[in-house]
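Below is one structure, written out as C-alpha coordinates, with a few remarks after it.
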Amino acid sequence: MDAVLLAGGLGTRLYPLTRRTPKSLLPFLDRAIIEYQLDIAAEAGCESVIAAAGHMAGQLAEYAEYSSLLYSCVEEECPLGTGGAIANAVRAKNLRGPLFVLNGDVICDLAPRSLLATAEKLGTLATIVGAQVIDPAEFGTLEVENTGKLASFREKEASPISGERVSVNAGIYYLHREAVRRLAEVDGTFSMENDFFPMLASEGEIGVHSHNGFWRDIGTL
(Lines give C-alpha, C1' and ligand atoms only; values in the text may rest on other atoms or scores of the structure.)
Protein backbone atom coordinates (compact mmCIF):
# COMPACT_ATOMS: atom_id res chain seq x y z
CA MET A 1 0.00 0.00 0.00
CA ASP A 2 1.15 3.52 -0.83
CA ALA A 3 0.30 6.85 0.80
CA VAL A 4 -0.30 10.25 -0.78
CA LEU A 5 0.29 13.34 1.33
CA LEU A 6 -1.60 16.42 0.12
CA ALA A 7 0.92 19.24 0.55
CA GLY A 8 0.17 21.62 -2.30
CA GLY A 9 -1.49 24.48 -0.41
CA LEU A 10 -0.07 27.99 -0.24
CA GLY A 11 -0.56 28.21 3.52
CA THR A 12 -1.96 31.74 3.26
CA ARG A 13 -3.77 31.47 6.61
CA LEU A 14 -0.42 30.82 8.30
CA TYR A 15 1.41 33.76 6.70
CA PRO A 16 4.10 34.97 7.43
CA LEU A 17 5.24 31.57 8.74
CA THR A 18 4.80 30.11 5.26
CA ARG A 19 6.62 32.89 3.46
CA ARG A 20 9.78 30.80 3.14
CA THR A 21 8.64 27.40 4.38
CA PRO A 22 5.88 25.11 3.05
CA LYS A 23 3.14 24.40 5.59
CA SER A 24 4.01 20.70 5.96
CA LEU A 25 7.57 21.54 7.04
CA LEU A 26 6.63 24.04 9.75
CA PRO A 27 7.61 22.90 13.26
CA PHE A 28 4.94 21.74 15.69
CA LEU A 29 6.23 20.69 19.14
CA ASP A 30 9.78 20.62 17.74
CA ARG A 31 8.93 18.30 14.84
CA ALA A 32 8.05 19.11 11.25
CA ILE A 33 4.32 18.61 10.71
CA ILE A 34 5.06 16.15 7.92
CA GLU A 35 6.70 13.80 10.43
CA TYR A 36 3.40 13.18 12.23
CA GLN A 37 1.81 12.16 8.94
CA LEU A 38 4.73 9.97 7.96
CA ASP A 39 4.34 8.20 11.30
CA ILE A 40 0.70 7.41 10.53
CA ALA A 41 1.60 6.15 7.06
CA ALA A 42 4.28 3.88 8.50
CA GLU A 43 1.91 2.53 11.17
CA ALA A 44 -0.65 1.81 8.44
CA GLY A 45 1.89 -0.43 6.74
CA CYS A 46 2.57 1.83 3.76
CA GLU A 47 5.77 1.15 1.86
CA SER A 48 6.05 4.51 0.13
CA VAL A 49 4.80 8.08 0.58
CA ILE A 50 4.28 10.48 -2.29
CA ALA A 51 3.99 14.16 -1.42
CA ALA A 52 1.63 15.93 -3.83
CA ALA A 53 3.31 19.33 -3.67
CA GLY A 54 2.87 22.75 -5.20
CA HIS A 55 3.99 25.68 -3.07
CA MET A 56 7.77 25.47 -2.52
CA ALA A 57 7.76 21.91 -3.81
CA GLY A 58 11.55 21.92 -3.96
CA GLN A 59 11.82 21.92 -0.17
CA LEU A 60 9.39 19.03 0.12
CA ALA A 61 11.22 17.12 -2.60
CA GLU A 62 14.44 17.35 -0.60
CA TYR A 63 12.81 16.19 2.63
CA ALA A 64 13.98 12.63 3.17
CA GLU A 65 15.98 12.77 6.38
CA TYR A 66 13.29 11.61 8.78
CA SER A 67 11.33 8.73 7.32
CA SER A 68 12.51 5.20 6.67
CA LEU A 69 9.73 4.94 4.08
CA LEU A 70 10.37 5.32 0.37
CA TYR A 71 9.65 9.03 -0.02
CA SER A 72 9.17 11.02 -3.21
CA CYS A 73 7.49 14.19 -4.41
CA VAL A 74 5.20 14.95 -7.36
CA GLU A 75 4.94 18.64 -8.23
CA GLU A 76 1.80 20.31 -9.57
CA GLU A 77 2.41 22.68 -12.46
CA CYS A 78 -0.76 24.52 -11.41
CA PRO A 79 -3.21 24.09 -8.50
CA LEU A 80 -5.27 20.94 -9.10
CA GLY A 81 -7.49 20.77 -6.02
CA THR A 82 -7.48 17.83 -3.64
CA GLY A 83 -8.84 15.35 -6.17
CA GLY A 84 -6.69 16.53 -9.04
CA ALA A 85 -3.56 16.39 -6.87
CA ILE A 86 -4.20 12.78 -5.86
CA ALA A 87 -5.03 11.76 -9.43
CA ASN A 88 -1.87 13.47 -10.69
CA ALA A 89 0.26 11.58 -8.15
CA VAL A 90 -1.47 8.29 -9.02
CA ARG A 91 -0.69 8.71 -12.72
CA ALA A 92 2.85 10.04 -12.17
CA LYS A 93 3.82 7.09 -9.96
CA ASN A 94 1.60 4.50 -11.67
CA LEU A 95 -0.13 3.71 -8.38
CA ARG A 96 -2.65 0.87 -8.45
CA GLY A 97 -3.96 1.06 -4.90
CA PRO A 98 -5.08 0.61 -2.30
CA LEU A 99 -4.12 4.11 -1.23
CA PHE A 100 -3.83 5.88 2.11
CA VAL A 101 -4.40 9.65 1.77
CA LEU A 102 -3.58 12.32 4.34
CA ASN A 103 -4.20 16.06 4.19
CA GLY A 104 -0.96 17.86 4.93
CA ASP A 105 -2.47 20.24 7.50
CA VAL A 106 -3.94 17.91 10.12
CA ILE A 107 -2.48 16.32 13.23
CA CYS A 108 -4.28 13.31 14.63
CA ASP A 109 -3.63 10.42 17.02
CA LEU A 110 -5.47 7.98 14.76
CA ALA A 111 -4.50 4.32 15.01
CA PRO A 112 -4.41 3.70 11.24
CA ARG A 113 -4.95 -0.05 11.54
CA SER A 114 -8.37 0.71 13.03
CA LEU A 115 -9.26 2.64 9.88
CA LEU A 116 -8.15 -0.27 7.73
CA ALA A 117 -10.27 -2.62 9.84
CA THR A 118 -13.33 -0.41 9.29
CA ALA A 119 -12.63 -0.28 5.57
CA GLU A 120 -12.44 -4.07 5.40
CA LYS A 121 -15.61 -4.49 7.45
CA LEU A 122 -17.69 -2.06 5.35
CA GLY A 123 -16.22 -3.12 2.01
CA THR A 124 -16.76 0.32 0.43
CA LEU A 125 -14.61 1.84 -2.29
CA ALA A 126 -13.55 4.64 0.06
CA THR A 127 -13.47 5.09 3.83
CA ILE A 128 -13.26 8.54 5.42
CA VAL A 129 -12.09 9.28 8.95
CA GLY A 130 -14.78 11.27 10.77
CA ALA A 131 -13.42 13.40 13.62
CA GLN A 132 -15.82 14.47 16.36
CA VAL A 133 -15.95 18.25 16.99
CA ILE A 134 -18.31 20.69 18.70
CA ASP A 135 -17.89 23.53 16.19
CA PRO A 136 -18.07 22.24 12.59
CA ALA A 137 -18.27 25.69 10.97
CA GLU A 138 -14.82 25.40 9.37
CA PHE A 139 -15.09 21.78 8.26
CA GLY A 140 -17.08 19.45 6.05
CA THR A 141 -19.76 17.65 8.05
CA LEU A 142 -20.64 14.00 7.56
CA GLU A 143 -24.12 12.55 7.84
CA VAL A 144 -23.59 8.89 8.67
CA GLU A 145 -26.13 6.09 8.31
CA ASN A 146 -26.60 3.40 10.96
CA THR A 147 -24.74 1.04 8.64
CA GLY A 148 -21.60 3.16 8.95
CA LYS A 149 -21.88 4.42 5.38
CA LEU A 150 -21.90 8.07 4.39
CA ALA A 151 -25.37 9.42 3.63
CA SER A 152 -24.25 12.91 2.60
CA PHE A 153 -21.16 15.09 2.60
CA ARG A 154 -21.66 18.79 3.27
CA GLU A 155 -19.01 21.48 3.35
CA LYS A 156 -18.74 24.05 6.15
CA GLU A 157 -22.07 24.45 7.89
CA ALA A 158 -23.16 26.62 10.80
CA SER A 159 -22.42 25.39 14.31
CA PRO A 160 -25.20 23.37 15.96
CA ILE A 161 -27.01 25.19 18.80
CA SER A 162 -27.06 22.04 20.93
CA GLY A 163 -23.31 22.01 21.44
CA GLU A 164 -23.21 18.30 20.71
CA ARG A 165 -20.28 16.81 18.85
CA VAL A 166 -20.73 16.18 15.15
CA SER A 167 -18.67 14.19 12.68
CA VAL A 168 -16.49 16.17 10.26
CA ASN A 169 -14.17 15.21 7.46
CA ALA A 170 -10.80 14.65 9.15
CA GLY A 171 -8.81 14.71 5.91
CA ILE A 172 -7.64 11.10 6.16
CA TYR A 173 -8.91 8.47 3.70
CA TYR A 174 -8.48 4.90 2.60
CA LEU A 175 -9.14 4.29 -1.10
CA HIS A 176 -9.81 0.85 -2.55
CA ARG A 177 -8.16 -0.15 -5.83
CA GLU A 178 -11.32 0.61 -7.81
CA ALA A 179 -11.54 4.11 -6.34
CA VAL A 180 -7.90 4.71 -7.30
CA ARG A 181 -8.61 3.48 -10.83
CA ARG A 182 -11.52 5.91 -11.16
CA LEU A 183 -9.41 8.79 -9.85
CA ALA A 184 -6.69 8.10 -12.40
CA GLU A 185 -9.22 8.54 -15.21
CA VAL A 186 -10.11 12.11 -14.20
CA ASP A 187 -7.94 14.93 -15.57
CA GLY A 188 -7.65 18.53 -14.49
CA THR A 189 -8.71 20.35 -11.35
CA PHE A 190 -11.35 18.82 -9.09
CA SER A 191 -12.17 18.35 -5.42
CA MET A 192 -12.45 15.13 -3.46
CA GLU A 193 -14.98 16.77 -1.14
CA ASN A 194 -17.20 18.46 -3.71
CA ASP A 195 -16.83 16.20 -6.75
CA PHE A 196 -15.45 12.72 -6.16
CA PHE A 197 -16.85 11.82 -2.75
CA PRO A 198 -20.45 12.91 -3.51
CA MET A 199 -20.39 10.64 -6.56
CA LEU A 200 -19.26 7.64 -4.50
CA ALA A 201 -21.70 8.50 -1.70
CA SER A 202 -24.59 8.42 -4.18
CA GLU A 203 -23.56 4.83 -4.96
CA GLY A 204 -23.36 3.90 -1.27
CA GLU A 205 -19.61 3.42 -1.63
CA ILE A 206 -18.21 5.59 1.17
CA GLY A 207 -17.73 4.28 4.70
CA VAL A 208 -16.98 6.41 7.75
CA HIS A 209 -14.52 5.52 10.49
CA SER A 210 -15.38 7.48 13.64
CA HIS A 211 -12.39 8.90 15.51
CA ASN A 212 -12.97 10.20 19.04
CA GLY A 213 -9.35 10.99 19.90
CA PHE A 214 -7.15 14.01 19.24
CA TRP A 215 -7.56 15.80 15.92
CA ARG A 216 -6.68 19.33 14.90
CA ASP A 217 -6.57 21.32 11.69
CA ILE A 218 -3.29 23.25 11.90
CA GLY A 219 -4.01 25.44 8.89
CA THR A 220 -4.38 28.60 11.01
CA LEU A 221 -2.33 30.27 13.70
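As shown in the C-alpha coordinates, the chain order sets the letters A, B, ...; within each chain, residues go from 1, and ligands are also counted from 1 in the order they appear.
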Using only C-alpha atoms, tabulate the residues of region 119-171 of chain A lying at most 12 Å from any atom of region 187-201 of chain A, each with its closest atom pair and that distance in Å to one decimal, by chain and increasing residue number, as a Markdown table.
| residue | atom | partner | partner_atom | distance |
| --- | --- | --- | --- | --- |
| A:Thr124 | CA | A:Leu200 | CA | 9.2 |
| A:Leu125 | CA | A:Leu200 | CA | 7.8 |
| A:Ala126 | CA | A:Leu200 | CA | 7.9 |
| A:Thr127 | CA | A:Phe197 | CA | 10.0 |
| A:Ile128 | CA | A:Phe197 | CA | 9.5 |
| A:Phe139 | CA | A:Glu193 | CA | 10.7 |
| A:Gly140 | CA | A:Glu193 | CA | 8.0 |
| A:Thr141 | CA | A:Glu193 | CA | 10.4 |
| A:Leu142 | CA | A:Glu193 | CA | 10.7 |
| A:Glu143 | CA | A:Ala201 | CA | 10.6 |
| A:Val144 | CA | A:Ala201 | CA | 10.5 |
| A:Glu145 | CA | A:Ala201 | CA | 11.2 |
| A:Gly148 | CA | A:Ala201 | CA | 11.9 |
| A:Lys149 | CA | A:Ala201 | CA | 8.2 |
| A:Leu150 | CA | A:Ala201 | CA | 6.1 |
| A:Ala151 | CA | A:Ala201 | CA | 6.5 |
| A:Ser152 | CA | A:Ala201 | CA | 6.7 |
| A:Phe153 | CA | A:Pro198 | CA | 6.5 |
| A:Arg154 | CA | A:Glu193 | CA | 8.2 |
| A:Glu155 | CA | A:Glu193 | CA | 7.7 |
| A:Lys156 | CA | A:Glu193 | CA | 11.0 |
| A:Val168 | CA | A:Glu193 | CA | 11.5 |
| A:Asn169 | CA | A:Glu193 | CA | 8.8 |
| A:Ala170 | CA | A:Glu193 | CA | 11.3 |
| A:Gly171 | CA | A:Glu193 | CA | 9.6 |
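A straight line drawn from CA of Gln132 (chain A) to CA of Pro98 (chain A) is 25.6 Å long.
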* Selected residue of minimal separation from Ala44 (chain A) among A:Ile206, A:Leu221, A:Leu110, A:Ala179, counting only C-alpha atoms ->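 The closest residue to Ala44 (chain A) is A:Leu110.
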* To do: Write out as a PyMOL selection string the residues lying within 9 Å of Glu178 (chain A), counting only C-alpha atoms and excluding same-chain residues fewer than 3 positions away.
  => chain A and resi 96-98+125+175+181-183
* To do: Can you check which residues of region 48-220 of chain A DSSP gives as strand (DSSP E) on the backbone and send them as number ranges by chain?
  => A: 48-53, 70-75, 99-103, 106-108, 126-133, 141-144, 150-154, 166-175, 206-211, 215-217
* as a list in words, please: all residues of region 110-142 of chain A that backbone DSSP puts in helix (DSSP H, G or I). =>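 DSSP-assigned helix (DSSP H, G or I) residues in region 110-142 of chain A: Pro112, Arg113, Ser114, Leu115, Leu116, Ala117, Thr118, Ala119, Glu120, Lys121 and Leu122 of chain A.
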* To do: List the neighbours of Ile172 (chain A) out to 7 Å using only C-alpha atoms; skip same-chain residues closer than 3 positions along the sequence, and give me the result as an MDAnalysis selection string.
  => chainID A and resid 101:103 128:129
* Taking into account only C-alpha atoms, which residue in the set A:Leu6, A:Ala85, A:Pro79, A:Ile40 is nearest to Leu60 (chain A)? ->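 Using only C-alpha atoms, the shortest distance to Leu60 (chain A) belongs to A:Leu6.
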* **Residue among A:Glu75, A:Asp2, A:Asp39, A:Glu120 lying closest to Gly207 (chain A), counting only C-alpha atoms** => A:Glu120
* Interatomic distance (Å, one decimal) between CA of Phe28 (chain A) and CA of Arg216 (chain A) ->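 For CA of Phe28 (chain A) relative to CA of Arg216 (chain A), the distance reads 11.9 Å.
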* Would you mind listing what lies within 9 Å of His55 (chain A) as number ranges by chain, with only C-alpha atoms counted and same-chain residues fewer than 5 positions away left out? => A: 7-11, 21-23, 75-76
* Asked: Which distance in Å separates CA of Gly104 (chain A) and CA of Ile86 (chain A), to one decimal?
  ->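 Taking CA of Gly104 (chain A) as the start and CA of Ile86 (chain A) as the end point, the length is 12.4 Å.
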